Structures are given as C-alpha cells and as structure tokens.
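Comments concern the structure below.
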Amino acid sequence: MFLSKDWQIYKYYKWPDNTMQGLTVTLEYYHKSDLEYMAFFPRPWLSIEPLLGTINDKLPHRFERVIVGAMTGPGAVIPRPEWIQSIKDNVPAEKIYWKPSIRPYL
C-alpha cells in the first residue's frame with residue numbers, strides 16, 4: 001500500500017497488480033477532482049485522517065478501502081457528528097475502516 005498527499009506522483013509509475021495507491025485527505029481542504037483522478041489508478045484507496053470536515057459527494061466506486069481516523073494528541077479536534085455522518089452517507093459501509101481513534105465518536 002502506497003500513501004501520498006499528492007495523487008500526481010502516482011502517474012509516473014507503472015503499478016504492479018499487488019499494490020494499492022492511496023491518497024490522504026483531511027476533508028478540511030480537498031478538491032473533488034483529486035478524488036476523481038485517483039479513481040483512474042488500478043487499486044485506489046483513501047485515507048481520511050484526521051477527519052476535519054464533511055464529504056459532500058459520493059466517492060467514486062473504484063476506491064477499494066476508505067480509512068477514517070480522528071485527530072489525536074494534545075489539542076486534538078473532536079470529530080463532529082455531521083462529519084462522521086457524511087462519511088456514512090457517501091461511502092459504502094463495506095469499504096469503510098474506522099480506526100480505533102474515531103470509534104468512540106461513532
């Protein structure tokens with residue numbers, strides 16, 4: 001599994017079948033087009049950590065996994081119920097992995 005904050009780095013590689021290409025976003029600042037471009041890679045996945053906002057559109061169906069976590073440590077932002085609900089509304093439940101850091105808020 002590869003993970004980057006910039007999907008564009010992935011376009012320079014030919015990806016073997018046994019790899020997954022991940023994009024990390026916080027949802028505080030993201031561009032819908034970034035998620036759409038990721039769907040063109042062979043095995044895309046998404047890391048939303050820390051969860052700092054809502055996702056307002058259905059994710060492209062090609063994402064194999066969506067990992068969601070909360071901010072941890074001193075001064076951590078508590079995820080709002082509407083942020084969590086936006087994930088539930090826009091990502092198929094079978095693709096979501098809730099990290100232990102966010103489970104207390106579910």
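Scheme for the structure tokens: letters A, B, ... for chains in order shown; per-chain residue numbers from 1; ligand numbers from 1 in order shown.
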Leaving out Val25 (chain A) and any residue of its chain fewer than 2 positions from it, which residues lie within 10 Å of it when counting only C-alpha atoms, given as a count of residues only? 20
So that I can check the surroundings of Gln85 (chain A), please list as a PyMOL selection string every protein, DNA and RNA residue that reaches within 10 Å of it, counting only C-alpha atoms and ignoring chain neighbours fewer than 5 positions away. chain A and resi 54-55+80+90+106
Could you pull out all residues of chain A with a DSSP call of strand (DSSP E or B) and give them as a VMD selection string? chain A and resid 2 to 4 21 to 25 44 to 48 66 to 68 96 to 98
If you run DSSP on the backbone here, which positions in chain A get alpha helix (DSSP H)? Please write them as number ranges by chain. A: 32-38, 81-90
Expected file: the selected residues, N, CA and C atoms, as a PDB file, in the first residue's frame:
```pdb
ATOM      1  N   LYS A  32     -12.595  17.887  -5.102  1.00  0.00           N
ATOM      2  CA  LYS A  32     -13.334  16.738  -5.631  1.00  0.00           C
ATOM      3  C   LYS A  32     -12.574  16.115  -6.798  1.00  0.00           C
ATOM      4  N   SER A  33     -11.931  16.935  -7.609  1.00  0.00           N
ATOM      5  CA  SER A  33     -11.194  16.419  -8.769  1.00  0.00           C
ATOM      6  C   SER A  33     -10.063  15.486  -8.344  1.00  0.00           C
ATOM      7  N   ASP A  34      -9.444  15.738  -7.174  1.00  0.00           N
ATOM      8  CA  ASP A  34      -8.387  14.838  -6.688  1.00  0.00           C
ATOM      9  C   ASP A  34      -8.941  13.434  -6.499  1.00  0.00           C
ATOM     10  N   LEU A  35     -10.126  13.339  -5.927  1.00  0.00           N
ATOM     11  CA  LEU A  35     -10.740  12.026  -5.699  1.00  0.00           C
ATOM     12  C   LEU A  35     -11.122  11.375  -7.022  1.00  0.00           C
ATOM     13  N   GLU A  36     -11.579  12.163  -7.969  1.00  0.00           N
ATOM     14  CA  GLU A  36     -11.948  11.619  -9.276  1.00  0.00           C
ATOM     15  C   GLU A  36     -10.723  11.105 -10.029  1.00  0.00           C
ATOM     16  N   TYR A  37      -9.607  11.817  -9.962  1.00  0.00           N
ATOM     17  CA  TYR A  37      -8.388  11.367 -10.628  1.00  0.00           C
ATOM     18  C   TYR A  37      -7.859  10.080 -10.007  1.00  0.00           C
ATOM     19  N   MET A  38      -7.958   9.972  -8.700  1.00  0.00           N
ATOM     20  CA  MET A  38      -7.481   8.758  -8.023  1.00  0.00           C
ATOM     21  C   MET A  38      -8.200   7.510  -8.525  1.00  0.00           C
ATOM     22  N   PRO A  81     -20.420  15.093  14.748  1.00  0.00           N
ATOM     23  CA  PRO A  81     -21.331  14.049  14.256  1.00  0.00           C
ATOM     24  C   PRO A  81     -21.650  14.187  12.763  1.00  0.00           C
ATOM     25  N   GLU A  82     -21.788  15.411  12.260  1.00  0.00           N
ATOM     26  CA  GLU A  82     -22.119  15.585  10.846  1.00  0.00           C
ATOM     27  C   GLU A  82     -20.966  15.186   9.924  1.00  0.00           C
ATOM     28  N   TRP A  83     -19.725  15.297  10.407  1.00  0.00           N
ATOM     29  CA  TRP A  83     -18.581  14.843   9.623  1.00  0.00           C
ATOM     30  C   TRP A  83     -18.635  13.329   9.470  1.00  0.00           C
ATOM     31  N   ILE A  84     -18.882  12.656  10.574  1.00  0.00           N
ATOM     32  CA  ILE A  84     -18.964  11.193  10.556  1.00  0.00           C
ATOM     33  C   ILE A  84     -20.145  10.748   9.687  1.00  0.00           C
ATOM     34  N   GLN A  85     -21.282  11.419   9.818  1.00  0.00           N
ATOM     35  CA  GLN A  85     -22.457  11.052   9.028  1.00  0.00           C
ATOM     36  C   GLN A  85     -22.198  11.241   7.541  1.00  0.00           C
ATOM     37  N   SER A  86     -21.424  12.255   7.182  1.00  0.00           N
ATOM     38  CA  SER A  86     -21.135  12.476   5.759  1.00  0.00           C
ATOM     39  C   SER A  86     -20.348  11.307   5.167  1.00  0.00           C
ATOM     40  N   ILE A  87     -19.484  10.694   5.968  1.00  0.00           N
ATOM     41  CA  ILE A  87     -18.755   9.507   5.511  1.00  0.00           C
ATOM     42  C   ILE A  87     -19.747   8.366   5.315  1.00  0.00           C
ATOM     43  N   LYS A  88     -20.592   8.141   6.310  1.00  0.00           N
ATOM     44  CA  LYS A  88     -21.582   7.062   6.227  1.00  0.00           C
ATOM     45  C   LYS A  88     -22.519   7.241   5.034  1.00  0.00           C
ATOM     46  N   ASP A  89     -22.851   8.488   4.714  1.00  0.00           N
ATOM     47  CA  ASP A  89     -23.775   8.770   3.614  1.00  0.00           C
ATOM     48  C   ASP A  89     -23.139   8.638   2.234  1.00  0.00           C
ATOM     49  N   ASN A  90     -21.828   8.790   2.139  1.00  0.00           N
ATOM     50  CA  ASN A  90     -21.174   8.873   0.832  1.00  0.00           C
ATOM     51  C   ASN A  90     -20.178   7.766   0.525  1.00  0.00           C
TER      52      ASN A  90
END
```
Can you pull out every residue within 12 Å of Thr19 (chain A), counting only C-alpha atoms, but drop anything in the same chain fewer than 3 positions away, and send it as JSON, numbers by chain? {"A": [1, 2, 3, 10, 13, 14, 15, 16, 22, 41, 42, 43, 44, 45, 64]}
Please, could you write that set of residues out with N, CA and C atoms as an mmCIF file, in the first residue's frame?
```
data_model
loop_
_atom_site.group_PDB
_atom_site.id
_atom_site.type_symbol
_atom_site.label_atom_id
_atom_site.label_comp_id
_atom_site.auth_asym_id
_atom_site.auth_seq_id
_atom_site.Cartn_x
_atom_site.Cartn_y
_atom_site.Cartn_z
ATOM 1 N N MET A 1 0.843 -1.172 0.000
ATOM 2 C CA MET A 1 0.000 0.000 0.000
ATOM 3 C C MET A 1 0.889 1.236 0.000
ATOM 4 N N PHE A 2 0.646 2.112 -0.943
ATOM 5 C CA PHE A 2 1.349 3.380 -1.014
ATOM 6 C C PHE A 2 0.380 4.474 -0.585
ATOM 7 N N LEU A 3 0.918 5.514 0.033
ATOM 8 C CA LEU A 3 0.080 6.608 0.503
ATOM 9 C C LEU A 3 0.792 7.931 0.252
ATOM 10 N N TYR A 10 1.753 9.569 -8.498
ATOM 11 C CA TYR A 10 1.461 8.204 -8.945
ATOM 12 C C TYR A 10 1.468 8.036 -10.460
ATOM 13 N N TYR A 13 4.469 6.171 -12.469
ATOM 14 C CA TYR A 13 4.836 4.782 -12.223
ATOM 15 C C TYR A 13 3.876 3.824 -12.905
ATOM 16 N N LYS A 14 4.397 2.673 -13.265
ATOM 17 C CA LYS A 14 3.554 1.576 -13.725
ATOM 18 C C LYS A 14 3.349 0.690 -12.505
ATOM 19 N N TRP A 15 2.099 0.503 -12.116
ATOM 20 C CA TRP A 15 1.795 -0.152 -10.848
ATOM 21 C C TRP A 15 1.557 -1.639 -11.008
ATOM 22 N N PRO A 16 2.346 -2.462 -10.288
ATOM 23 C CA PRO A 16 2.094 -3.902 -10.299
ATOM 24 C C PRO A 16 0.728 -4.204 -9.672
ATOM 25 N N GLY A 22 -2.798 5.033 -2.493
ATOM 26 C CA GLY A 22 -3.635 5.755 -1.544
ATOM 27 C C GLY A 22 -3.414 7.256 -1.577
ATOM 28 N N PHE A 41 -6.512 5.094 -11.109
ATOM 29 C CA PHE A 41 -5.400 4.207 -10.809
ATOM 30 C C PHE A 41 -5.910 2.795 -10.588
ATOM 31 N N PRO A 42 -5.052 1.789 -10.734
ATOM 32 C CA PRO A 42 -5.520 0.396 -10.690
ATOM 33 C C PRO A 42 -6.238 -0.010 -9.400
ATOM 34 N N ARG A 43 -5.714 0.377 -8.244
ATOM 35 C CA ARG A 43 -6.305 -0.048 -6.969
ATOM 36 C C ARG A 43 -6.279 1.110 -5.974
ATOM 37 N N PRO A 44 -7.119 2.121 -6.184
ATOM 38 C CA PRO A 44 -7.085 3.302 -5.317
ATOM 39 C C PRO A 44 -7.735 3.064 -3.953
ATOM 40 N N TRP A 45 -7.201 3.745 -2.961
ATOM 41 C CA TRP A 45 -7.813 3.760 -1.629
ATOM 42 C C TRP A 45 -7.627 5.152 -1.057
ATOM 43 N N GLU A 64 -11.109 1.046 -3.207
ATOM 44 C CA GLU A 64 -11.216 -0.263 -2.573
ATOM 45 C C GLU A 64 -11.447 -0.159 -1.072
#
```
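Separating CA of Leu59 (chain A) from CA of Tyr97 (chain A) is a distance of 14.7 Å.
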